[in-house]
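Data from upload.pdb: PDB, C-alpha atoms
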```
ATOM      1  CA  MET A   1      35.195-157.634 106.791
ATOM      2  CA  GLN A   2      32.678-157.956 103.965
ATOM      3  CA  GLU A   3      29.378-156.205 104.551
ATOM      4  CA  SER A   4      26.178-158.214 104.777
ATOM      5  CA  THR A   5      23.327-157.840 102.321
ATOM      6  CA  GLN A   6      21.411-155.844 104.945
ATOM      7  CA  GLN A   7      24.367-153.521 105.451
ATOM      8  CA  ALA A   8      24.659-153.123 101.676
ATOM      9  CA  ILE A   9      20.999-152.154 101.452
ATOM     10  CA  GLU A  10      21.323-149.673 104.317
ATOM     11  CA  ARG A  11      24.409-148.104 102.716
ATOM     12  CA  TYR A  12      22.635-147.743  99.390
ATOM     13  CA  LEU A  13      19.512-146.197 100.906
ATOM     14  CA  ARG A  14      21.420-143.587 102.896
ATOM     15  CA  SER A  15      23.958-142.643 100.196
ATOM     16  CA  GLY A  16      23.169-144.113  96.784
ATOM     17  CA  ASP A  17      26.486-146.007  96.918
ATOM     18  CA  HIS A  18      26.891-149.727  96.465
ATOM     19  CA  ASP A  19      29.599-152.312  95.904
ATOM     20  CA  ALA A  20      30.231-152.239  92.151
ATOM     21  CA  HIS A  21      31.119-155.964  92.295
ATOM     22  CA  PHE A  22      27.959-156.866  94.283
ATOM     23  CA  ARG A  23      30.083-159.088  96.579
ATOM     24  CA  PRO A  24      27.501-159.288  99.393
ATOM     25  CA  TRP A  25      25.036-161.049  97.104
ATOM     26  CA  PRO A  26      24.850-164.789  96.382
ATOM     27  CA  GLY A  27      25.576-166.192  92.943
ATOM     28  CA  ASP A  28      28.057-168.365  91.052
ATOM     29  CA  ASN A  29      29.478-165.451  89.064
ATOM     30  CA  TYR A  30      29.454-161.671  88.766
ATOM     31  CA  VAL A  31      26.415-161.571  86.444
ATOM     32  CA  ALA A  32      24.298-163.582  88.869
ATOM     33  CA  GLN A  33      25.432-161.492  91.836
ATOM     34  CA  ALA A  34      24.799-158.243  89.956
ATOM     35  CA  GLN A  35      21.301-159.302  88.950
ATOM     36  CA  TYR A  36      20.428-160.447  92.447
ATOM     37  CA  GLY A  37      21.911-157.368  94.095
ATOM     38  CA  SER A  38      20.391-154.875  91.676
ATOM     39  CA  VAL A  39      16.896-156.292  92.163
ATOM     40  CA  ALA A  40      17.300-156.308  95.952
ATOM     41  CA  LEU A  41      18.567-152.710  96.073
ATOM     42  CA  ARG A  42      15.832-151.430  93.769
ATOM     43  CA  HIS A  43      13.097-153.178  95.723
ATOM     44  CA  ALA A  44      14.472-151.715  98.952
ATOM     45  CA  LEU A  45      14.528-148.277  97.349
ATOM     46  CA  ILE A  46      10.907-148.582  96.209
ATOM     47  CA  SER A  47       9.861-149.728  99.679
ATOM     48  CA  ALA A  48      11.668-146.778 101.278
ATOM     49  CA  VAL A  49       9.962-144.328  98.920
ATOM     50  CA  ARG A  50       6.545-145.861  99.626
ATOM     51  CA  HIS A  51       7.179-145.646 103.365
ATOM     52  CA  ARG A  52       8.100-141.947 103.162
ATOM     53  CA  THR A  53       5.086-141.088 101.021
ATOM     54  CA  ALA A  54       2.517-143.113 102.931
ATOM     55  CA  HIS A  55       0.964-139.956 104.360
ATOM     56  CA  ALA A  56       2.114-137.406 101.780
ATOM     57  CA  GLU A  57      -0.305-135.446  99.636
ATOM     58  CA  LEU A  58       0.572-136.981  96.305
ATOM     59  CA  PRO A  59       0.085-135.014  93.065
ATOM     60  CA  ALA A  60      -2.245-136.210  90.358
ATOM     61  CA  ALA A  61      -0.538-137.592  87.284
ATOM     62  CA  PRO A  62      -0.583-135.281  84.265
ATOM     63  CA  PRO A  63      -2.859-136.571  81.499
ATOM     64  CA  GLU A  64      -0.628-139.016  79.604
ATOM     65  CA  GLN A  65      -2.010-138.111  76.188
ATOM     66  CA  ASP A  66      -1.079-134.458  76.679
ATOM     67  CA  VAL A  67       2.546-134.896  77.756
ATOM     68  CA  VAL A  68       3.965-135.225  74.237
ATOM     69  CA  ALA A  69       2.086-132.204  72.887
ATOM     70  CA  PHE A  70       2.896-130.218  76.026
ATOM     71  CA  THR A  71       6.615-131.036  75.733
ATOM     72  CA  ARG A  72       6.768-130.262  72.024
ATOM     73  CA  GLY A  73       5.191-126.884  72.650
ATOM     74  CA  LYS A  74       7.769-126.080  75.317
ATOM     75  CA  VAL A  75      10.834-127.046  73.287
ATOM     76  CA  ALA A  76       9.690-126.032  69.780
ATOM     77  CA  PRO A  77      11.171-122.482  69.829
ATOM     78  CA  MET A  78      14.548-123.881  70.947
ATOM     79  CA  VAL A  79      14.559-126.604  68.286
ATOM     80  CA  ARG A  80      13.552-124.197  65.524
ATOM     81  CA  GLY A  81      16.299-121.807  66.570
ATOM     82  CA  LEU A  82      19.046-124.436  66.698
ATOM     83  CA  PHE A  83      18.322-126.857  63.846
ATOM     84  CA  PRO A  84      17.725-126.536  60.092
ATOM     85  CA  VAL A  85      14.153-127.021  58.916
ATOM     86  CA  HIS A  86      14.737-130.506  57.503
ATOM     87  CA  GLU A  87      15.975-131.779  60.912
ATOM     88  CA  GLN A  88      13.478-130.107  63.200
ATOM     89  CA  GLU A  89      10.726-132.720  63.085
ATOM     90  CA  SER A  90      13.118-135.563  63.942
ATOM     91  CA  VAL A  91      14.486-133.641  66.934
ATOM     92  CA  LEU A  92      11.024-132.567  68.087
ATOM     93  CA  ASP A  93       9.846-136.159  67.949
ATOM     94  CA  VAL A  94      12.703-137.272  70.218
ATOM     95  CA  LEU A  95      12.211-134.427  72.690
ATOM     96  CA  GLY A  96       8.429-134.788  72.633
ATOM     97  CA  HIS A  97       8.745-138.355  73.894
ATOM     98  CA  SER A  98      11.622-137.632  76.274
ATOM     99  CA  VAL A  99       9.784-136.355  79.352
ATOM    100  CA  VAL A 100       8.775-138.584  82.241
ATOM    101  CA  PHE A 101       6.951-136.962  85.150
ATOM    102  CA  LEU A 102       7.705-138.626  88.459
ATOM    103  CA  THR A 103       4.275-139.376  89.890
ATOM    104  CA  PRO A 104       2.728-142.164  91.991
ATOM    105  CA  ALA A 105       1.777-143.842  88.715
ATOM    106  CA  THR A 106       5.303-143.842  87.258
ATOM    107  CA  ILE A 107       7.808-143.862  90.108
ATOM    108  CA  ASP A 108       7.972-147.634  90.736
ATOM    109  CA  ALA A 109       8.629-148.455  87.083
ATOM    110  CA  VAL A 110      11.206-145.664  86.808
ATOM    111  CA  LEU A 111      13.149-146.922  89.819
ATOM    112  CA  GLU A 112      13.033-150.497  88.505
ATOM    113  CA  GLN A 113      14.076-149.702  84.945
ATOM    114  CA  THR A 114      16.542-146.811  85.174
ATOM    115  CA  PRO A 115      19.869-148.339  84.058
ATOM    116  CA  TRP A 116      22.085-147.015  86.870
ATOM    117  CA  LEU A 117      21.452-147.572  90.561
ATOM    118  CA  SER A 118      22.973-144.191  91.407
ATOM    119  CA  THR A 119      20.492-142.502  89.061
ATOM    120  CA  ALA A 120      17.615-144.436  90.622
ATOM    121  CA  TRP A 121      18.637-143.084  94.045
ATOM    122  CA  ASP A 122      18.773-139.506  92.694
ATOM    123  CA  LEU A 123      15.355-139.936  91.078
ATOM    124  CA  ALA A 124      13.887-141.300  94.304
ATOM    125  CA  ASN A 125      15.019-138.128  96.074
ATOM    126  CA  LEU A 126      13.738-135.938  93.237
ATOM    127  CA  TYR A 127      10.327-137.577  93.611
ATOM    128  CA  LEU A 128      10.345-137.336  97.414
ATOM    129  CA  ALA A 129      11.244-133.639  97.289
ATOM    130  CA  GLY A 130       8.433-133.030  94.811
ATOM    131  CA  VAL A 131       5.813-134.415  97.189
ATOM    132  CA  GLY A 132       7.265-132.783 100.288
ATOM    133  CA  ALA A 133       8.403-136.070 101.822
ATOM    134  CA  GLU A 134      11.547-136.828 103.813
ATOM    135  CA  LEU A 135      14.595-137.383 101.598
ATOM    136  CA  LEU A 136      16.705-140.510 101.885
ATOM    137  CA  ALA A 137      19.649-138.496 103.215
ATOM    138  CA  ASP A 138      20.187-135.011 104.602
ATOM    139  CA  ASP A 139      22.882-134.392 101.995
ATOM    140  CA  ALA A 140      20.905-135.780  99.051
ATOM    141  CA  PRO A 141      21.328-133.480  96.029
ATOM    142  CA  THR A 142      18.600-130.899  95.560
ATOM    143  CA  LEU A 143      17.503-131.524  91.994
ATOM    144  CA  LEU A 144      14.869-129.768  89.923
ATOM    145  CA  GLY A 145      15.087-132.266  87.104
ATOM    146  CA  LEU A 146      17.464-134.866  85.733
ATOM    147  CA  SER A 147      18.297-136.053  82.241
ATOM    148  CA  GLU A 148      19.956-139.291  81.199
ATOM    149  CA  GLY A 149      20.424-140.265  77.580
ATOM    150  CA  THR A 150      17.277-139.128  75.794
ATOM    151  CA  THR A 151      15.025-139.129  78.860
ATOM    152  CA  CYS A 152      14.208-136.117  81.037
ATOM    153  CA  TYR A 153      12.794-136.797  84.492
ATOM    154  CA  LEU A 154      10.738-134.062  86.143
ATOM    155  CA  SER A 155       8.908-133.811  89.414
ATOM    156  CA  ALA A 156       5.150-133.448  89.018
ATOM    157  CA  GLU A 157       5.464-130.152  90.912
ATOM    158  CA  TYR A 158       6.951-128.713  87.713
ATOM    159  CA  LEU A 159       3.393-128.175  86.471
ATOM    160  CA  GLY A 160       2.738-125.823  89.377
ATOM    161  CA  ALA A 161       6.132-124.097  89.453
ATOM    162  CA  SER A 162       5.863-120.333  89.723
ATOM    163  CA  GLY A 163       9.400-119.129  88.956
ATOM    164  CA  ARG A 164       9.094-116.394  86.335
ATOM    165  CA  PHE A 165      12.324-117.324  84.573
ATOM    166  CA  ASP A 166      12.393-121.049  85.369
ATOM    167  CA  ASP A 167      11.642-123.887  83.000
ATOM    168  CA  PHE A 168      13.279-127.108  84.135
ATOM    169  CA  LEU A 169      11.817-129.004  81.189
ATOM    170  CA  VAL A 170      13.693-126.838  78.682
ATOM    171  CA  HIS A 171      16.834-127.066  80.835
ATOM    172  CA  GLU A 172      16.811-130.860  80.905
ATOM    173  CA  ALA A 173      15.812-131.153  77.238
ATOM    174  CA  ALA A 174      18.828-129.008  76.324
ATOM    175  CA  HIS A 175      21.072-131.688  77.837
ATOM    176  CA  ILE A 176      19.735-134.245  75.349
ATOM    177  CA  PHE A 177      21.505-132.381  72.552
ATOM    178  CA  HIS A 178      24.905-133.452  73.875
ATOM    179  CA  ASN A 179      23.724-136.891  75.056
ATOM    180  CA  CYS A 180      22.212-138.155  71.800
ATOM    181  CA  LYS A 181      24.144-138.995  68.643
ATOM    182  CA  ARG A 182      22.753-137.799  65.344
ATOM    183  CA  ARG A 183      22.735-141.260  63.799
ATOM    184  CA  THR A 184      20.583-142.519  66.699
ATOM    185  CA  ILE A 185      17.620-140.564  65.338
ATOM    186  CA  GLY A 186      18.465-140.954  61.652
ATOM    187  CA  LEU A 187      20.267-137.669  61.040
ATOM    188  CA  ARG A 188      23.420-137.417  58.947
ATOM    189  CA  GLU A 189      26.576-137.650  61.006
ATOM    190  CA  THR A 190      30.037-136.385  60.114
ATOM    191  CA  ARG A 191      33.395-136.478  61.852
ATOM    192  CA  ARG A 192      32.766-133.018  63.244
ATOM    193  CA  ARG A 193      29.049-133.519  63.921
ATOM    194  CA  GLU A 194      28.621-136.695  65.948
ATOM    195  CA  TRP A 195      26.107-135.433  68.528
ATOM    196  CA  LEU A 196      22.875-133.552  67.925
ATOM    197  CA  LEU A 197      24.821-130.445  68.955
ATOM    198  CA  GLU A 198      28.511-130.165  69.726
ATOM    199  CA  ILE A 199      28.750-128.495  73.136
ATOM    200  CA  GLU A 200      31.941-128.016  75.121
ATOM    201  CA  PHE A 201      31.970-130.459  78.043
ATOM    202  CA  ALA A 202      32.712-127.755  80.610
ATOM    203  CA  LYS A 203      29.855-125.590  79.324
ATOM    204  CA  ARG A 204      27.037-128.121  79.294
ATOM    205  CA  GLU A 205      25.347-126.564  82.328
ATOM    206  CA  THR A 206      25.946-123.040  81.040
ATOM    207  CA  PHE A 207      24.243-124.038  77.791
ATOM    208  CA  ALA A 208      21.268-125.614  79.591
ATOM    209  CA  TYR A 209      20.782-122.655  81.950
ATOM    210  CA  ALA A 210      21.083-120.163  79.089
ATOM    211  CA  CYS A 211      18.526-122.079  77.005
ATOM    212  CA  GLU A 212      16.158-122.266  79.976
ATOM    213  CA  THR A 213      16.313-118.557  80.815
ATOM    214  CA  TYR A 214      16.336-117.374  77.219
ATOM    215  CA  SER A 215      13.250-119.488  76.505
ATOM    216  CA  ARG A 216      11.392-117.617  79.228
ATOM    217  CA  ILE A 217      12.643-114.185  78.135
ATOM    218  CA  HIS A 218      11.816-115.042  74.521
ATOM    219  CA  GLY A 219       8.328-116.199  75.491
ATOM    220  CA  LEU A 220       7.515-113.300  77.817
ATOM    221  CA  GLY A 221       8.873-110.410  75.762
ATOM    222  CA  ARG A 222       7.962-109.210  72.293
ATOM    223  CA  GLY A 223      10.720-107.196  70.685
ATOM    224  CA  LEU A 224      14.245-106.194  71.674
ATOM    225  CA  ARG A 225      13.358-103.556  74.262
ATOM    226  CA  ALA A 226      10.925-105.796  76.119
ATOM    227  CA  ARG A 227      13.457-108.635  76.226
ATOM    228  CA  GLN A 228      16.248-106.355  77.402
ATOM    229  CA  THR A 229      13.968-105.165  80.202
ATOM    230  CA  LEU A 230      13.235-108.768  81.182
ATOM    231  CA  LEU A 231      16.923-109.634  81.179
ATOM    232  CA  ALA A 232      17.680-106.618  83.395
ATOM    233  CA  GLU A 233      15.000-107.843  85.800
ATOM    234  CA  TYR A 234      16.434-111.347  85.780
ATOM    235  CA  ALA A 235      19.992-110.081  86.339
ATOM    236  CA  GLN A 236      18.939-108.606  89.674
ATOM    237  CA  GLY A 237      18.987-112.176  90.944
ATOM    238  CA  PRO A 238      19.020-114.540  92.530
ATOM    239  CA  MET A 239      21.227-116.505  90.125
ATOM    240  CA  PRO A 240      21.290-120.317  89.937
ATOM    241  CA  ALA A 241      23.234-121.732  92.886
ATOM    242  CA  ASP A 242      25.429-123.977  90.749
ATOM    243  CA  VAL A 243      29.200-124.031  91.113
ATOM    244  CA  ARG A 244      29.513-125.190  87.493
ATOM    245  CA  LEU A 245      28.144-121.866  86.293
ATOM    246  CA  ASP A 246      30.254-118.738  85.713
ATOM    247  CA  VAL A 247      27.557-116.140  86.374
ATOM    248  CA  GLU A 248      29.307-113.269  84.566
ATOM    249  CA  GLU A 249      29.816-115.377  81.451
ATOM    250  CA  TYR A 250      26.253-116.698  81.692
ATOM    251  CA  LEU A 251      24.739-113.192  81.823
ATOM    252  CA  ASP A 252      26.992-112.066  78.978
ATOM    253  CA  ILE A 253      25.743-114.964  76.848
ATOM    254  CA  LEU A 254      22.158-113.976  77.611
ATOM    255  CA  ARG A 255      22.862-110.348  76.668
ATOM    256  CA  GLU A 256      24.247-111.500  73.317
ATOM    257  CA  ALA A 257      21.285-113.812  72.779
ATOM    258  CA  VAL A 258      18.697-111.116  73.546
ATOM    259  CA  ALA A 259      20.383-108.680  71.134
ATOM    260  CA  ALA A 260      20.729-111.214  68.307
ATOM    261  CA  ARG A 261      18.253-112.044  65.580
ATOM    262  CA  ASN A 262      18.588-115.722  66.496
ATOM    263  CA  GLY A 263      19.517-115.843  70.164
ATOM    264  CA  TRP A 264      19.605-119.652  70.244
ATOM    265  CA  LYS A 265      22.490-119.676  67.765
ATOM    266  CA  ARG A 266      24.407-117.181  69.875
ATOM    267  CA  ILE A 267      24.024-119.410  72.938
ATOM    268  CA  LEU A 268      25.282-122.400  70.946
ATOM    269  CA  ALA A 269      28.224-120.458  69.528
ATOM    270  CA  ARG A 270      29.328-119.364  73.001
ATOM    271  CA  CYS A 271      29.118-122.918  74.346
ATOM    272  CA  ALA A 272      30.607-124.787  71.365
ATOM    273  CA  PRO A 273      34.019-126.507  71.518
ATOM    274  CA  PRO A 274      37.005-124.462  70.350
ATOM    275  CA  GLN A 275      37.264-124.296  66.573
ATOM    276  CA  GLY A 276      38.834-127.453  65.280
ATOM    277  CA  GLY A 277      38.208-129.242  68.577
ATOM    278  CA  HIS A 278      35.596-131.690  69.756
ATOM    279  CA  SER A 279      33.495-131.799  72.873
ATOM    280  CA  SER A 280      34.583-134.423  75.367
ATOM    281  CA  HIS A 281      31.887-136.930  76.396
ATOM    282  CA  SER A 282      32.841-139.024  79.379
TER     283      SER A 282
END
```

Target encoding structure tokens, full file:
Amino acid sequence: MQESTQQAIERYLRSGDHDAHFRPWPGDNYVAQAQYGSVALRHALISAVRHRTAHAELPAAPPEQDVVAFTRGKVAPMVRGLFPVHEQESVLDVLGHSVVFLTPATIDAVLEQTPWLSTAWDLANLYLAGVGAELLADDAPTLLGLSEGTTCYLSAEYLGASGRFDDFLVHEAAHIFHNCKRRTIGLRETRRREWLLEIEFAKRETFAYACETYSRIHGLGRGLRARQTLLAEYAQGPMPADVRLDVEEYLDILREAVAARNGWKRILARCAPPQGGHSSHS
């Protein structure tokens, strides 16, 4: 028995799932049904978020004019360590404009315009968690940030985060390197260099976590001894609770990075595809 439009909305709100063929929705063809259904699901999602935040203490939006400069400052050491001088400005420009903070001023537009409905549902929960509101489902993923294409979405609570070795902005920005093709931003592309950085599919999270933690160690410590001390402190835990991460390998990569003249290159080398191979992007 085909579900009704109301049942479809309820299923989407509690799980993020929906009928890929949009069969509950009216229309003479798939395109019409998809347009109708997508709008209805997004509007229901926005209404649900507004309902849950009606009495929440909402954060102030970060000053829009400062976001680009703020982001560039955060990612500049990583970009300078990973890219040749003549490419750095192009990459910094992309990353500088990549960050969207989920705030009361931006959330409606984000949920309306994000290409995938499943991503919109994840972003709704990311926003709700950031303002201390009830999530859409008890088993909704606990996210600290999310990247898609060349956009990084962050909760506004990022600006007040106190984790000594955490920087979700750097983590999500690191994912852009394997999401964005070089030709997209005007850089020379070859058969072996299609993406901004070639990163082994299975090590994408390892790469992002290593970049995040190394950025903090690099920023907090001056000199090898200070950075080794910081890494020893970090290694006491707790480690990221992510099943995609091999903690022993991750800490070994960080030890190599801290000891190297250019730690960013060591992280990349440890997370690159096997020699002669290519990273899988699916």

May I ask which of the residues A:Leu45, A:Leu95, A:Leu254, A:Leu117 is the closest one to His175 in chain A, counting all atoms listed in the file?
A:Leu95

Kindly resolve the PyMOL selection byres ((chain A and resi 20) around 12) on the present coordinates and return the residues as number ranges by chain.
A: 8, 12, 16-19, 21-25, 30-31, 33-35, 37-38, 116-118

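If you look at CA of His43 in chain A and CA of Asp122 in chain A, they are 15.1 Å away from each other.
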
Give as a PDB file with C-alpha atoms, keeping the file's coordinate frame the residues that the PyMOL selection byres ((chain A and resi 136) around 8) matches when applied to the coordinates above.
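Output (out-v8.pdb):
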```
ATOM      1  CA  LEU A  13      19.512-146.197 100.906  1.00  0.00           C
ATOM      2  CA  ARG A  14      21.420-143.587 102.896  1.00  0.00           C
ATOM      3  CA  SER A  15      23.958-142.643 100.196  1.00  0.00           C
ATOM      4  CA  ASN A 125      15.019-138.128  96.074  1.00  0.00           C
ATOM      5  CA  GLU A 134      11.547-136.828 103.813  1.00  0.00           C
ATOM      6  CA  LEU A 135      14.595-137.383 101.598  1.00  0.00           C
ATOM      7  CA  ALA A 137      19.649-138.496 103.215  1.00  0.00           C
ATOM      8  CA  ASP A 138      20.187-135.011 104.602  1.00  0.00           C
ATOM      9  CA  ALA A 140      20.905-135.780  99.051  1.00  0.00           C
TER      10      ALA A 140
END
```

One decimal, in Å: what's the spacing between CA of Arg52 in chain A and CA of Ala120 in chain A?
15.9 Å

Residues at most 7 Å from range 214-218 of chain A, counting all atoms listed in the file, excluding those fewer than 5 positions away in the same chain, as a PDB file with C-alpha atoms, keeping the file's coordinate frame?
```pdb
ATOM      1  CA  PHE A 165      12.324-117.324  84.573  1.00  0.00           C
ATOM      2  CA  ARG A 227      13.457-108.635  76.226  1.00  0.00           C
ATOM      3  CA  LEU A 230      13.235-108.768  81.182  1.00  0.00           C
ATOM      4  CA  LEU A 231      16.923-109.634  81.179  1.00  0.00           C
ATOM      5  CA  LEU A 254      22.158-113.976  77.611  1.00  0.00           C
TER       6      LEU A 254
END
```

Just so the selection is clear, what residues does the PyMOL selection byres ((chain A and resi 107) around 12) cover here, as JSON, numbers by chain?
{"A": [42, 45, 46, 47, 49, 50, 53, 58, 61, 100, 101, 102, 103, 104, 105, 106, 108, 109, 110, 111, 112, 113, 114, 120, 121, 123, 124, 125, 126, 127, 128, 130, 131, 153, 154, 155, 156]}

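Minimum distance to Trp195 in chain A across A:Leu224, A:Val91, A:Ile253, A:Cys211 (counting all atoms listed in the file) occurs at A:Val91.
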
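CA of His97 in chain A is positioned 8.1 Å from CA of Val67 in chain A.
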
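Comparing A:Glu89, A:Asp167, A:Asp252, A:Glu172 by their smallest distance to Thr213 in chain A, the closest is A:Asp167 (using only C-alpha atoms).
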
Return as JSON the box centre and box size in Å, one decimal, for an axis-aligned box around all listed atoms of range 236-253 of chain A padded by 5 Å per side.
```
{"center_x": 24.6, "center_y": -116.9, "center_z": 84.9, "size_x": 21.3, "size_y": 26.6, "size_z": 26.0}
```

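Among A:Ala174, A:Gly237, A:His55, A:Glu3, the residue with the shortest atom-to-atom distance to Leu197 in chain A, counting only C-alpha atoms, is A:Ala174.
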
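Proximity of A:Ala69, A:Leu82, A:Ala173, A:Val39 to Leu268 in chain A, computed with all atoms listed in the file, is greatest for A:Leu82.
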
Write a file for range 131-139 of chain A, containing all heavy atoms (output as a compact mmCIF listing (two decimals), in the first residue's frame).
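Okay, out_22.txt is ready:
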```txt
# COMPACT_ATOMS: atom_id res chain seq x y z
N VAL A 131 22.12 24.38 19.09
CA VAL A 131 21.36 25.32 19.93
C VAL A 131 20.72 24.61 21.12
O VAL A 131 19.90 25.19 21.82
CB VAL A 131 20.29 26.07 19.10
CG1 VAL A 131 20.95 26.88 17.98
CG2 VAL A 131 19.24 25.11 18.53
N GLY A 132 21.10 23.36 21.32
CA GLY A 132 20.59 22.61 22.47
C GLY A 132 19.13 22.24 22.36
O GLY A 132 18.44 22.06 23.37
N ALA A 133 18.63 22.10 21.14
CA ALA A 133 17.22 21.75 20.93
C ALA A 133 17.07 20.25 20.68
O ALA A 133 18.04 19.55 20.40
CB ALA A 133 16.65 22.54 19.75
N GLU A 134 15.85 19.78 20.76
CA GLU A 134 15.55 18.36 20.54
C GLU A 134 15.84 17.98 19.09
O GLU A 134 15.41 18.66 18.16
CB GLU A 134 14.09 18.08 20.87
CG GLU A 134 13.66 16.64 20.65
CD GLU A 134 12.16 16.44 20.79
OE1 GLU A 134 11.45 17.45 21.04
OE2 GLU A 134 11.71 15.29 20.64
N LEU A 135 16.56 16.87 18.89
CA LEU A 135 16.86 16.41 17.55
C LEU A 135 15.62 15.79 16.92
O LEU A 135 14.64 15.47 17.60
CB LEU A 135 18.00 15.39 17.57
CG LEU A 135 19.33 15.87 18.16
CD1 LEU A 135 20.41 14.81 17.95
CD2 LEU A 135 19.78 17.19 17.56
N LEU A 136 15.67 15.58 15.62
CA LEU A 136 14.53 15.03 14.91
C LEU A 136 14.34 13.54 15.19
O LEU A 136 13.26 13.01 14.97
CB LEU A 136 14.69 15.26 13.40
CG LEU A 136 14.65 16.74 12.98
CD1 LEU A 136 15.14 16.91 11.56
CD2 LEU A 136 13.23 17.30 13.12
N ALA A 137 15.41 12.88 15.63
CA ALA A 137 15.33 11.46 15.95
C ALA A 137 16.37 11.13 17.01
O ALA A 137 17.45 11.76 17.05
CB ALA A 137 15.57 10.61 14.70
N ASP A 138 16.06 10.16 17.85
CA ASP A 138 17.00 9.77 18.90
C ASP A 138 18.30 9.23 18.32
O ASP A 138 19.36 9.37 18.93
CB ASP A 138 16.37 8.70 19.81
CG ASP A 138 15.23 9.25 20.64
OD1 ASP A 138 15.19 10.48 20.84
OD2 ASP A 138 14.37 8.45 21.08
N ASP A 139 18.22 8.60 17.15
CA ASP A 139 19.41 8.02 16.54
C ASP A 139 20.01 8.91 15.44
O ASP A 139 20.80 8.44 14.61
CB ASP A 139 19.12 6.63 15.98
CG ASP A 139 18.01 6.67 14.91
OD1 ASP A 139 17.39 7.73 14.73
OD2 ASP A 139 17.81 5.62 14.26
```
